[in-house]
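Here the structure is laid out as structure tokens; the discussion comes afterwards.
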Protein chains: 4
Amino acid sequence: MNNAILLISCPDKKGITAKITSFIFRNNGNIEHADQHIDFQTNTFFMRIEWALKGFRIAKKDISKKFSLIAREFKMSWSLYFTQETPRMAIFASKLTHCLYDLLLRHNEGQFKCKIPLIISNHASVSKIAKNFNIKFYSFAKTPKNKKEVEKEEIKLLEKENIELVVLARYAQILTSQVVEKFSNRIINIHHSFLPAFIGQNPYKQAYRRGVKIIGATSHYVTEKLDAGPIIEQDTVRISHRDILSDLKRKGQDLEKIVLGRAVRLHLERKILVYNNKTVVFD
Amino acid sequence: MNNAILLISCPDKKGITAKITSFIFRNNGNIEHADQHIDFQTNTFFMRIEWALKGFRIAKKDISKKFSLIAREFKMSWSLYFTQETPRMAIFASKLTHCLYDLLLRHNEGQFKCKIPLIISNHASVSKIAKNFNIKFYSFAKTPKNKKEVEKEEIKLLEKENIELVVLARYAQILTSQVVEKFSNRIINIHHSFLPAFIGQNPYKQAYRRGVKIIGATSHYVTEKLDAGPIIEQDTVRISHRDILSDLKRKGQDLEKIVLGRAVRLHLERKILVYNNKTVVFD
Amino acid sequence: MNNAILLISCPDKKGITAKITSFIFRNNGNIEHADQHIDFQTNTFFMRIEWALKGFRIAKKDISKKFSLIAREFKMSWSLYFTQETPRMAIFASKLTHCLYDLLLRHNEGQFKCKIPLIISNHASVSKIAKNFNIKFYSFAKTPKNKKEVEKEEIKLLEKENIELVVLARYAQILTSQVVEKFSNRIINIHHSFLPAFIGQNPYKQAYRRGVKIIGATSHYVTEKLDAGPIIEQDTVRISHRDILSDLKRKGQDLEKIVLGRAVRLHLERKILVYNNKTVVFD
Amino acid sequence: MNNAILLISCPDKKGITAKITSFIFRNNGNIEHADQHIDFQTNTFFMRIEWALKGFRIAKKDISKKFSLIAREFKMSWSLYFTQETPRMAIFASKLTHCLYDLLLRHNEGQFKCKIPLIISNHASVSKIAKNFNIKFYSFAKTPKNKKEVEKEEIKLLEKENIELVVLARYAQILTSQVVEKFSNRIINIHHSFLPAFIGQNPYKQAYRRGVKIIGATSHYVTEKLDAGPIIEQDTVRISHRDILSDLKRKGQDLEKIVLGRAVRLHLERKILVYNNKTVVFD
């Protein structure tokens, strides 16, 4: 597969789709997927369009420049991706390794088109798993005191490894703004509740105390405000009075794995547009 | 069907189940359903037990007295119900009548074993529906000023009609403590969100703004704290970026009807025990 | 709202989307929704495109003719709809009226943009409901013997009333080919199982006997083969060993109503394309 | 935890529960869980009862003998289990290892109270995974010709290892009656469809062809008739026309893992009673 993908948002106006699709057609591209959405409240146009590059008359390196003329005309925010450029993803993990394991197994099964060059964790014990999957492992003993300094090292590492996407696999630490800003809309977290219910620590405990009959999990992009970033995916599962806290954790873990896995896949397939702290998810 | 039902909670201790079931057996009762639950955190025992009265050696009117000896021994909170005593239910409705309609249709189909002698609403327009279903209708023009006075009339009416259960079918008014206290654990409300997310007004609008990917509905007993009472039942449905506020409302209405209908049925079948602002729901 | 909608399928080829969207743009139409799909197995292109007619340079009555030039070029199967032309829908009902009621209430709430000029049933008792909702009612005493003759009358009636969509709301009769052919992809049925499991009669009984842990409902277009037409929508609900046949029926009815309601709405919004006995459902 | 568990079924009669619970109480046992169910169609009584052995006046080894007196009186089928006796489970795996991995990780996380002494597979490649988890691995090159002979070796192995439960983790082979009979209600299979739909080979392909809008997974005890044994657990997930066969497989795998995991856990916790080719699942 050798495709190009454009993710676009701009004020809605007549002729956008015609302009974009004609650009691709005139240059001999074959559109394989096209999905658009208009938010009528804000009059905003969103599009994901993917076309085969085989026979396309514009060279890969020149597409950006050529397309920027159309983009300027419609005041677009846009990103261009190529399916042959494999994104690089880093995983931050804690002692709770079920999500880490799940991501690595999905990667092995071919569900994620990406490279995973490194895993970062506070817990040296995670190194075993990294080794099993042949991935470099870095352990940092983060404390409230040295957090900012340690994060600087982590950023250096991420940049050196050319990391595009950071996945927090039940990573128990809050990242400071220096990381969040650098990786805006490129850090995916899994929170173990159906947000916005049960923000913060121990959401299963909170859920147990409130006596809810369903629990959930939410994957979202990380912003500076805790558990308040754009939601990518959520799911829920039924519980009963018979379920004690450990049952909530067990049932919730199945959700966490699925919900995080879906979000990572959507990101890697360039199917997410962030707008107004919300997501447009083309599937 | 001519059964007795006991709902029991008490501190857990050896021999409770043996005592209760022997009491029924010695008196020639046939247990048709028995369900128990122990909350090990608080060491509390819960039970719902239902037996056939055919051939039972104790007369209906004497069962309470006889059972109270066992109850005292174990310091039980308990209630005794007879399936041949049909509970009476009142519905409070607003302009939004989908839940009202749904309850009345379920009642007609035999899903609820109860009588519905009256409907109360702020909106005279609801009278038509009441008439169609041959139910008495009372309209009260409630304002912040006359609320307490109007409620007193409503209470009088409920008492006169011997109402056991009050169902708020998307009733847009908050009841004051004088009603809530009188009908403790006997007022069921439907809130159009997966509580505790989106408490208060316009939960669909709140959900839309937050950009969640699932919406929900919650039925709960009404307590003095808004939307904070014991949750009986919840359910959720998936939404996407394509769904605007009116879609959320439409999709949510299907949930509201189902979740409220289930809660009412569970209450009428004496399957709910309230404890610590949570519910034990035997199904 | 004054929009035009095109539903298109054709062999995939370069330039289809560009041609269609340029056609709309050149004539000053504003695209409000566009969704496309390619089936790579059969190399088939599908599209639903909706644009505002305000300011569109081609008169409503001429759009078909103008568009047919493009259609011919790409060998399209296509249909053109206008949101201002309200489709007419007939409901066939039986003694079990929960789906009938549900459709009528959804219609009243504005969920269906259609007219419902008539209800047809074998059971005279349904006439009451029809009367309540101010809809003409026709009762036919269908028997195996007179079926073909009665159907002819029904067809006459449907044609006289200019009916576009026939909805079988738990209609217990099988239609013969003379009806099915005349209303190809325009008869929606609700079957009370997750097809293809439990085809035919008494699916809840079949489900109960097999001991499944979930039951379902399926809405589909009617074809000559029983319960084998293109599936539009399905949903499921969990059951347990405690649920007896009447519980399955009760739980299933909630599904039936929702699944049928969704299918009817999708059809009326021109979001369904039938292909290879399957559906492409744009939402 | 040092508990005893009784699983009982028998013709319903007055006094069963009283007899059982009094037996436990008189001997100073504390009932921690008790759940009963009556099938009124066949007048059959089912019970799962669990009590703490601490202070119980009957020695572990004598409980069976003592209880058999009650059992005889009521013509019970019954099994007695002790939570301190850890059951031994064997996994049969194929090339598709997602379920195998999932079971092993759940076991590591403490979700399954069992030992897993061995993995059996046709594919030598699975040995790596077994090694990683420190489990003995046996590879058998099964062919239609040598099947019966190979199975005999497998049975010998299972008996030598004192295996109680056999789990087929997407094991692609059909077992013959000699195995099935020996491990009646002790072999759990995962079938990748919502049975009884899509029995046999390639259920995802069958589902794709039929154009269903939901797919499912089913765990069941293996009987001699293919995919027709007592269903333990099922779940479903929504798909759309955009999902091609590989998407069905990917989405389905998440279901398979969850549905198989739940079934294994329920079996190990002695929560399943088989009756009339159906299951009573106490949770």
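As shown in the structure tokens, the chain order sets the letters A, B, ...; within each chain, residues go from 1, and ligands are also counted from 1 in the order they appear.
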- Message: Please check the contacts: residues of chain B at most 8 Å away from chain C, using only C-alpha atoms, listed as an MDAnalysis selection string.
- Response: chainID B and resid 111 242 250 254 258 283
Grab the residues selected above and save them as a compact mmCIF listing (two decimals), in the first residue's frame with N, CA and C atoms.
```
# COMPACT_ATOMS: atom_id res chain seq x y z
N GLN B 111 -46.54 -5.64 32.04
CA GLN B 111 -45.18 -5.69 32.57
C GLN B 111 -45.09 -5.23 34.02
N ARG B 242 -20.92 12.83 14.53
CA ARG B 242 -22.00 13.20 13.61
C ARG B 242 -23.29 13.55 14.36
N ARG B 250 -32.67 12.15 20.98
CA ARG B 250 -33.42 11.04 20.41
C ARG B 250 -32.87 9.69 20.86
N ASP B 254 -34.58 6.61 24.04
CA ASP B 254 -34.75 5.15 24.04
C ASP B 254 -34.17 4.55 25.31
N ILE B 258 -36.21 2.58 28.63
CA ILE B 258 -35.83 1.23 29.05
C ILE B 258 -35.33 1.22 30.49
N ASP B 283 -31.98 -10.06 40.83
CA ASP B 283 -32.73 -10.43 39.63
C ASP B 283 -32.53 -11.90 39.34
```
- Can you list, as a VMD selection string, all residues belonging to segment 8-252 of chain B that DSSP tags as alpha helix (DSSP H)? chain B and resid 16 to 26 60 to 73 98 to 108 127 to 132 147 to 160 177 to 182 203 to 210 245 to 252
Could you write those residues out with C-alpha atoms, as an mmCIF file, in the first residue's frame?
```cif
data_model
loop_
_atom_site.group_PDB
_atom_site.id
_atom_site.type_symbol
_atom_site.label_atom_id
_atom_site.label_comp_id
_atom_site.auth_asym_id
_atom_site.auth_seq_id
_atom_site.Cartn_x
_atom_site.Cartn_y
_atom_site.Cartn_z
ATOM 1 C CA ILE B 16 -29.542 -16.614 59.471
ATOM 2 C CA THR B 17 -30.441 -18.487 56.295
ATOM 3 C CA ALA B 18 -31.075 -21.699 58.199
ATOM 4 C CA LYS B 19 -33.408 -19.898 60.601
ATOM 5 C CA ILE B 20 -35.388 -18.178 57.872
ATOM 6 C CA THR B 21 -35.724 -21.159 55.568
ATOM 7 C CA SER B 22 -36.622 -23.476 58.466
ATOM 8 C CA PHE B 23 -39.309 -21.019 59.560
ATOM 9 C CA ILE B 24 -40.846 -21.287 56.100
ATOM 10 C CA PHE B 25 -40.388 -25.029 55.809
ATOM 11 C CA ARG B 26 -41.738 -25.907 59.269
ATOM 12 C CA LYS B 60 -51.389 -14.021 56.182
ATOM 13 C CA LYS B 61 -52.220 -11.527 58.899
ATOM 14 C CA ASP B 62 -50.104 -13.354 61.479
ATOM 15 C CA ILE B 63 -46.914 -13.857 59.458
ATOM 16 C CA SER B 64 -45.449 -10.501 60.453
ATOM 17 C CA LYS B 65 -45.894 -11.146 64.130
ATOM 18 C CA LYS B 66 -44.448 -14.643 63.964
ATOM 19 C CA PHE B 67 -41.508 -13.598 61.852
ATOM 20 C CA SER B 68 -40.690 -10.642 64.079
ATOM 21 C CA LEU B 69 -39.247 -13.058 66.666
ATOM 22 C CA ILE B 70 -36.568 -14.165 64.223
ATOM 23 C CA ALA B 71 -36.121 -10.620 63.042
ATOM 24 C CA ARG B 72 -35.449 -9.388 66.559
ATOM 25 C CA GLU B 73 -32.904 -12.133 67.228
ATOM 26 C CA HIS B 98 -42.130 9.739 25.979
ATOM 27 C CA CYS B 99 -41.471 8.163 29.392
ATOM 28 C CA LEU B 100 -45.057 8.649 30.505
ATOM 29 C CA TYR B 101 -46.332 6.935 27.360
ATOM 30 C CA ASP B 102 -43.833 4.162 27.771
ATOM 31 C CA LEU B 103 -44.857 3.437 31.360
ATOM 32 C CA LEU B 104 -48.539 3.374 30.441
ATOM 33 C CA LEU B 105 -47.969 1.037 27.509
ATOM 34 C CA ARG B 106 -45.813 -1.300 29.604
ATOM 35 C CA HIS B 107 -48.556 -1.301 32.210
ATOM 36 C CA ASN B 108 -51.128 -2.199 29.554
ATOM 37 C CA SER B 127 -54.581 15.338 30.402
ATOM 38 C CA LYS B 128 -55.329 13.927 26.955
ATOM 39 C CA ILE B 129 -52.962 11.006 27.458
ATOM 40 C CA ALA B 130 -54.364 10.337 30.930
ATOM 41 C CA LYS B 131 -57.838 10.293 29.464
ATOM 42 C CA ASN B 132 -56.847 7.861 26.708
ATOM 43 C CA LYS B 147 -44.132 25.105 45.455
ATOM 44 C CA LYS B 148 -44.329 24.119 49.125
ATOM 45 C CA GLU B 149 -48.067 24.744 49.225
ATOM 46 C CA VAL B 150 -48.741 22.860 46.032
ATOM 47 C CA GLU B 151 -46.646 19.966 47.235
ATOM 48 C CA LYS B 152 -48.798 19.735 50.337
ATOM 49 C CA GLU B 153 -51.829 19.255 48.144
ATOM 50 C CA GLU B 154 -49.981 16.670 46.123
ATOM 51 C CA ILE B 155 -49.029 14.770 49.279
ATOM 52 C CA LYS B 156 -52.634 14.841 50.429
ATOM 53 C CA LEU B 157 -53.682 13.429 47.077
ATOM 54 C CA LEU B 158 -51.032 10.699 47.156
ATOM 55 C CA GLU B 159 -52.059 9.694 50.644
ATOM 56 C CA LYS B 160 -55.723 9.733 49.825
ATOM 57 C CA SER B 177 -37.678 17.508 51.447
ATOM 58 C CA GLN B 178 -41.264 17.323 52.701
ATOM 59 C CA VAL B 179 -42.137 15.016 49.788
ATOM 60 C CA VAL B 180 -38.823 13.180 49.644
ATOM 61 C CA GLU B 181 -38.876 12.308 53.320
ATOM 62 C CA LYS B 182 -42.436 11.077 53.210
ATOM 63 C CA PRO B 203 -27.194 16.707 30.660
ATOM 64 C CA TYR B 204 -27.361 16.083 26.895
ATOM 65 C CA LYS B 205 -26.002 19.563 26.274
ATOM 66 C CA GLN B 206 -23.274 18.947 28.813
ATOM 67 C CA ALA B 207 -22.456 15.641 27.126
ATOM 68 C CA TYR B 208 -22.394 17.244 23.704
ATOM 69 C CA ARG B 209 -20.002 19.947 24.888
ATOM 70 C CA ARG B 210 -17.660 17.504 26.590
ATOM 71 C CA LEU B 245 -27.795 17.698 20.268
ATOM 72 C CA SER B 246 -31.119 16.538 18.829
ATOM 73 C CA ASP B 247 -29.578 13.137 18.006
ATOM 74 C CA LEU B 248 -28.353 12.788 21.574
ATOM 75 C CA LYS B 249 -31.870 13.535 22.785
ATOM 76 C CA ARG B 250 -33.421 11.040 20.407
ATOM 77 C CA LYS B 251 -30.957 8.260 21.177
ATOM 78 C CA GLY B 252 -31.126 9.057 24.860
#
```
- Task: Write out as a ChimeraX atom specification which residues come within 6 Å of Ile91 of chain D when counting only C-alpha atoms, dropping same-chain ones fewer than 6 positions away.
- Result: /D:119,166-167
Restricting the output to N, CA and C atoms, write the selected residues as a tab-separated table (two decimals), in the first residue's frame.
```tsv
chain	number	residue	atom	x	y	z
D	119	ILE	N	0.53	-27.26	27.98
D	119	ILE	CA	-0.08	-26.76	26.76
D	119	ILE	C	0.15	-27.80	25.68
D	166	VAL	N	-10.11	-28.84	30.44
D	166	VAL	CA	-9.39	-28.65	29.18
D	166	VAL	C	-9.98	-27.43	28.48
D	167	VAL	N	-9.12	-26.49	28.09
D	167	VAL	CA	-9.60	-25.30	27.40
D	167	VAL	C	-9.07	-25.29	25.98
```
- Message: Need to verify the contact set: Ser79 of chain D, 10 Å, only C-alpha atoms, exclusion of same-chain residues closer than 4 positions in sequence. Can you return it as a list in words?
- Response: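 Counting only the stated atoms, we get Ile5, Leu6, Leu7, Ile8, Ser9, Arg48, Ser64, Arg270 and Leu273 of chain D.
For Thr42 of chain D, the residues within 10 Å (counting only C-alpha atoms, excluding itself and residues fewer than 4 positions away along the chain) are Pro11, Asp12 and Ile38 of chain D.
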Taking C-alpha atoms for each residue, export the selection above as an mmCIF file, in the first residue's frame.
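out.cif, freshly written:
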```
data_model
loop_
_atom_site.group_PDB
_atom_site.id
_atom_site.type_symbol
_atom_site.label_atom_id
_atom_site.label_comp_id
_atom_site.auth_asym_id
_atom_site.auth_seq_id
_atom_site.Cartn_x
_atom_site.Cartn_y
_atom_site.Cartn_z
ATOM 1 C CA PRO D 11 -36.425 -32.345 41.704
ATOM 2 C CA ASP D 12 -37.935 -29.398 43.592
ATOM 3 C CA ILE D 38 -35.950 -23.269 40.248
#
```
- Any chance you could list, as a list in words, the residues in segment 87-164 of chain B that come up strand (DSSP E) when DSSP is run on the backbone?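 DSSP-assigned strand (DSSP E) residues in segment 87-164 of chain B: Arg88, Met89, Ala90, Ile91, Phe92, Ala93, Lys115, Ile116, Pro117, Leu118, Ile119, Ile120, Ser121, Lys136, Phe137, Tyr138 and Ser139 of chain B.
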- Task: Please indicate the distance in Å from atom CA of Arg88 of chain D to atom CA of Ile244 of chain A, rounded to one decimal place.
- Result: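 Atom CA of Arg88 of chain D sits 26.2 Å away from atom CA of Ile244 of chain A.
Put simply, atom CA of Glu161 of chain B is 17.5 Å away from atom CA of Ala93 of chain B.
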